[in-house]
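Novice: Supplied structure: entry-v8.cif, mmCIF, C-alpha atoms.
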```
data_coords
loop_
_atom_site.label_atom_id
_atom_site.label_comp_id
_atom_site.auth_asym_id
_atom_site.auth_seq_id
_atom_site.Cartn_x
_atom_site.Cartn_y
_atom_site.Cartn_z
CA MET X 1 0.00 0.00 0.00
CA LEU X 2 2.78 2.48 0.90
CA GLU X 3 4.62 1.75 -2.35
CA HIS X 4 1.45 2.26 -4.37
CA GLU X 5 0.59 5.58 -2.69
CA PHE X 6 4.15 6.88 -2.91
CA GLU X 7 4.35 5.98 -6.60
CA ARG X 8 0.95 7.61 -7.17
CA LEU X 9 2.16 10.83 -5.54
CA TYR X 10 5.45 10.75 -7.45
CA LEU X 11 3.70 10.21 -10.78
CA ARG X 12 1.21 12.99 -10.02
CA PHE X 13 4.08 15.41 -9.34
CA ARG X 14 5.79 14.38 -12.58
CA LEU X 15 2.58 14.78 -14.55
CA LEU X 16 2.00 18.26 -13.13
CA GLN X 17 5.64 19.14 -13.83
CA TYR X 18 5.22 18.20 -17.50
CA LYS X 19 1.99 20.18 -17.67
CA GLU X 20 3.81 23.25 -16.35
CA LEU X 21 6.80 22.65 -18.62
CA PHE X 22 4.75 22.44 -21.79
CA ALA X 23 2.63 25.42 -20.76
CA ARG X 24 5.83 27.51 -20.60
CA ILE X 25 7.17 26.43 -23.98
CA ARG X 26 6.44 28.96 -26.67
CA GLU X 27 6.97 28.95 -30.41
CA LYS X 28 8.96 32.19 -30.62
CA ASP X 29 12.56 33.38 -30.62
CA GLY X 30 14.34 32.84 -27.32
CA SER X 31 11.90 30.24 -26.01
CA LEU X 32 13.09 26.90 -24.72
CA SER X 33 12.31 23.51 -26.15
CA ALA X 34 11.30 20.78 -23.71
CA THR X 35 14.84 19.36 -23.89
CA GLU X 36 16.43 22.75 -23.28
CA ALA X 37 14.07 23.50 -20.39
CA SER X 38 14.92 20.14 -18.81
CA ALA X 39 18.66 20.70 -19.30
CA ALA X 40 18.46 24.17 -17.73
CA GLU X 41 16.52 22.77 -14.79
CA VAL X 42 19.13 20.05 -14.24
CA ILE X 43 21.86 22.71 -14.23
CA TYR X 44 19.85 24.70 -11.69
CA LEU X 45 19.21 21.66 -9.48
CA LEU X 46 22.86 20.55 -9.61
CA ASP X 47 23.79 24.02 -8.26
CA ARG X 48 26.62 25.38 -10.40
CA PRO X 49 27.95 22.18 -12.01
CA THR X 50 30.85 21.98 -14.42
CA ILE X 51 30.07 20.76 -17.93
CA LYS X 52 31.64 17.43 -16.96
CA GLU X 53 29.41 17.11 -13.87
CA PHE X 54 26.38 18.01 -16.00
CA ALA X 55 27.34 15.45 -18.67
CA ASP X 56 28.11 12.75 -16.11
CA PHE X 57 24.82 13.30 -14.28
CA LEU X 58 22.81 12.96 -17.51
CA ASN X 59 25.08 10.17 -18.76
CA ILE X 60 25.72 12.02 -22.04
CA SER X 61 28.95 12.83 -23.86
CA GLN X 62 30.78 16.04 -23.08
CA PRO X 63 30.37 17.29 -26.69
CA ASN X 64 26.60 16.72 -26.40
CA ALA X 65 26.56 18.51 -23.04
CA THR X 66 28.60 21.38 -24.48
CA TYR X 67 26.14 21.72 -27.37
CA LYS X 68 23.21 21.93 -24.92
CA VAL X 69 25.06 24.41 -22.71
CA ASN X 70 25.98 26.64 -25.66
CA SER X 71 22.35 26.71 -26.77
CA LEU X 72 21.23 27.74 -23.29
CA ILE X 73 23.94 30.42 -23.17
CA ASN X 74 22.82 31.75 -26.57
CA HIS X 75 19.24 31.98 -25.28
CA GLY X 76 20.46 33.79 -22.14
CA TYR X 77 19.32 31.17 -19.63
CA ILE X 78 22.76 30.23 -18.26
CA VAL X 79 26.27 31.67 -18.13
CA ARG X 80 29.71 30.24 -17.53
CA GLU X 81 31.54 31.58 -14.50
CA ALA X 82 35.18 30.90 -13.74
CA SER X 83 35.58 28.62 -10.75
CA GLU X 84 37.06 30.31 -7.69
CA SER X 85 39.14 27.26 -6.79
CA ASP X 86 40.50 26.55 -10.31
CA ARG X 87 40.42 29.38 -12.85
CA ARG X 88 40.78 26.85 -15.71
CA GLU X 89 37.40 25.38 -14.79
CA SER X 90 34.05 27.07 -15.32
CA ARG X 91 30.77 26.59 -13.51
CA LEU X 92 27.34 26.72 -15.14
CA VAL X 93 25.07 29.24 -13.48
CA VAL X 94 21.44 30.00 -14.32
CA THR X 95 20.53 33.61 -15.05
CA ASP X 96 17.72 35.79 -13.77
CA LYS X 97 16.00 35.10 -17.10
CA PHE X 98 15.89 31.39 -16.24
CA LEU X 99 14.79 32.08 -12.66
CA GLY X 100 11.87 34.14 -13.98
CA TYR X 101 10.97 31.34 -16.37
CA TYR X 102 11.39 28.70 -13.68
CA GLY X 103 9.61 30.72 -11.00
CA ARG X 104 6.28 30.19 -12.72
CA ASN X 105 6.32 26.76 -11.09
CA ALA X 106 6.06 28.41 -7.67
CA GLY X 107 2.33 28.99 -8.20
CA PHE X 108 1.70 25.26 -8.34
CA ILE X 109 3.57 24.67 -5.10
CA ARG X 110 1.90 27.62 -3.38
CA SER X 111 -1.52 26.32 -4.43
CA MET X 112 -0.74 22.82 -3.15
CA MET X 113 0.51 24.20 0.18
CA ASP X 114 -2.66 26.31 0.55
CA ASN X 115 -4.75 23.15 0.03
CA ILE X 116 -2.71 21.22 2.59
CA ARG X 117 -3.03 24.01 5.16
CA ALA X 118 -6.79 24.14 4.59
CA LYS X 119 -7.35 20.39 4.89
CA PHE X 120 -4.87 19.27 7.56
CA THR X 121 -4.48 20.14 11.21
CA PRO X 122 -1.31 21.94 12.35
CA GLU X 123 -0.18 18.68 13.98
CA GLU X 124 -0.70 16.73 10.74
CA ILE X 125 1.20 19.39 8.80
CA ASP X 126 4.10 19.19 11.26
CA GLN X 127 4.17 15.40 10.99
CA LEU X 128 3.99 15.57 7.17
CA GLU X 129 6.84 18.09 7.10
CA GLN X 130 9.02 15.87 9.29
CA MET X 131 8.31 12.80 7.19
CA ILE X 132 8.98 14.60 3.90
CA ARG X 133 12.27 15.91 5.31
CA ARG X 134 13.35 12.40 6.30
CA VAL X 135 12.35 10.90 2.95
CA SER X 136 14.11 13.73 1.10
CA ASP X 137 17.29 13.34 3.18
CA GLU X 138 17.34 9.60 2.42
CA ALA X 139 16.41 9.87 -1.27
CA LEU X 140 19.90 10.37 -2.67
CA ASP X 141 21.90 8.34 -0.14
#
```
Let me see the file written as structure tokens.

Specialist:
Amino acid sequence: MLEHEFERLYLRFRLLQYKELFARIREKDGSLSATEASAAEVIYLLDRPTIKEFADFLNISQPNATYKVNSLINHGYIVREASESDRRESRLVVTDKFLGYYGRNAGFIRSMMDNIRAKFTPEEIDQLEQMIRRVSDEALD
């Protein structure tokens, strides 16, 4: 039962994420394709990765990763910044343009949190928060 409900929640989140993603994609200059939007989001979630870290995470070749990065740079969604520890290395950093694009997702989360606060007691919310924190902390270990 737990596995079924967890998978159901996970799939619902993914479905809503795709809905938001495709709602943001526009057919005009400077817009992101679904692949580009996903690549930019991975860069954001990896928090300033190198191209190698980005490529390794997605299990793609470095030339393929470089092509995706250059496209995102040309659109103005990411920039390369020299690493403070090794000036030969650069880090991929999302721009304010990406954050504005990505921030549209915040409405979905805000709406979901409003629903939770309206339907659960403060004690249930506290318990849910603690459980989510524990699951999240264990997810990548």

Novice: Could you tell me which of X:Leu46, X:Leu9, X:Ile51, X:Leu32 comes closest to Glu89 of chain X if we count all atoms listed in the file?

Specialist: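 Looking only at the distances to Glu89 of chain X, the closest residue turns out to be X:Ile51.
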
Novice: Take atom CA of Phe6 of chain X and atom CA of Arg133 of chain X and report the distance between them in Å, one decimal.

Specialist: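 Going from atom CA of Phe6 of chain X over to atom CA of Arg133 of chain X covers 14.7 Å.
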
Novice: What's the separation between atom CA of Ser33 of chain X and atom CA of Leu72 of chain X, in Å to one decimal place?

Specialist: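 Computing it gives 10.3 Å between the two atoms.
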
Novice: When you count all atoms listed in the file, which of these residues is closest to Lys68 of chain X: X:Ser90, X:Ile43, X:Glu81, X:Leu99?

Specialist: X:Ile43

Novice: Rounded to one decimal place, report the atom CA of Arg91 of chain X-atom CA of Ser38 of chain X distance in Å.

Specialist: 17.9 Å

Novice: When you count only C-alpha atoms, which of these residues is closest to Thr35 of chain X: X:Gln130, X:Ser71, X:Thr50, X:Asn115?

Specialist: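 Looking at the shortest contact to Thr35 of chain X, the residue is X:Ser71.
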
Novice: If we count all atoms listed in the file, what is near Asp47 of chain X at a cut-off of 9 Å, once residues fewer than 5 positions away on the same chain are taken out, given as a list in words?

Specialist: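 Within the cut-off, the hits are Val42, Leu92, Val93 and Val94 of chain X.
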
Novice: For Lys19 of chain X, which residue out of X:Gln127, X:Ser83, X:Ala34, X:Ile132 is the nearest one, using all atoms listed in the file?

Specialist: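 Of X:Gln127, X:Ser83, X:Ala34, X:Ile132, the one nearest Lys19 of chain X, counting all atoms listed in the file, is X:Ala34.
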
Novice: From the options X:Arg80, X:His75, X:Phe98, X:Phe108, which residue's atoms come nearest to Phe13 of chain X, counting all atoms listed in the file?

Specialist: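 Looking only at the distances to Phe13 of chain X, the closest residue turns out to be X:Phe108.
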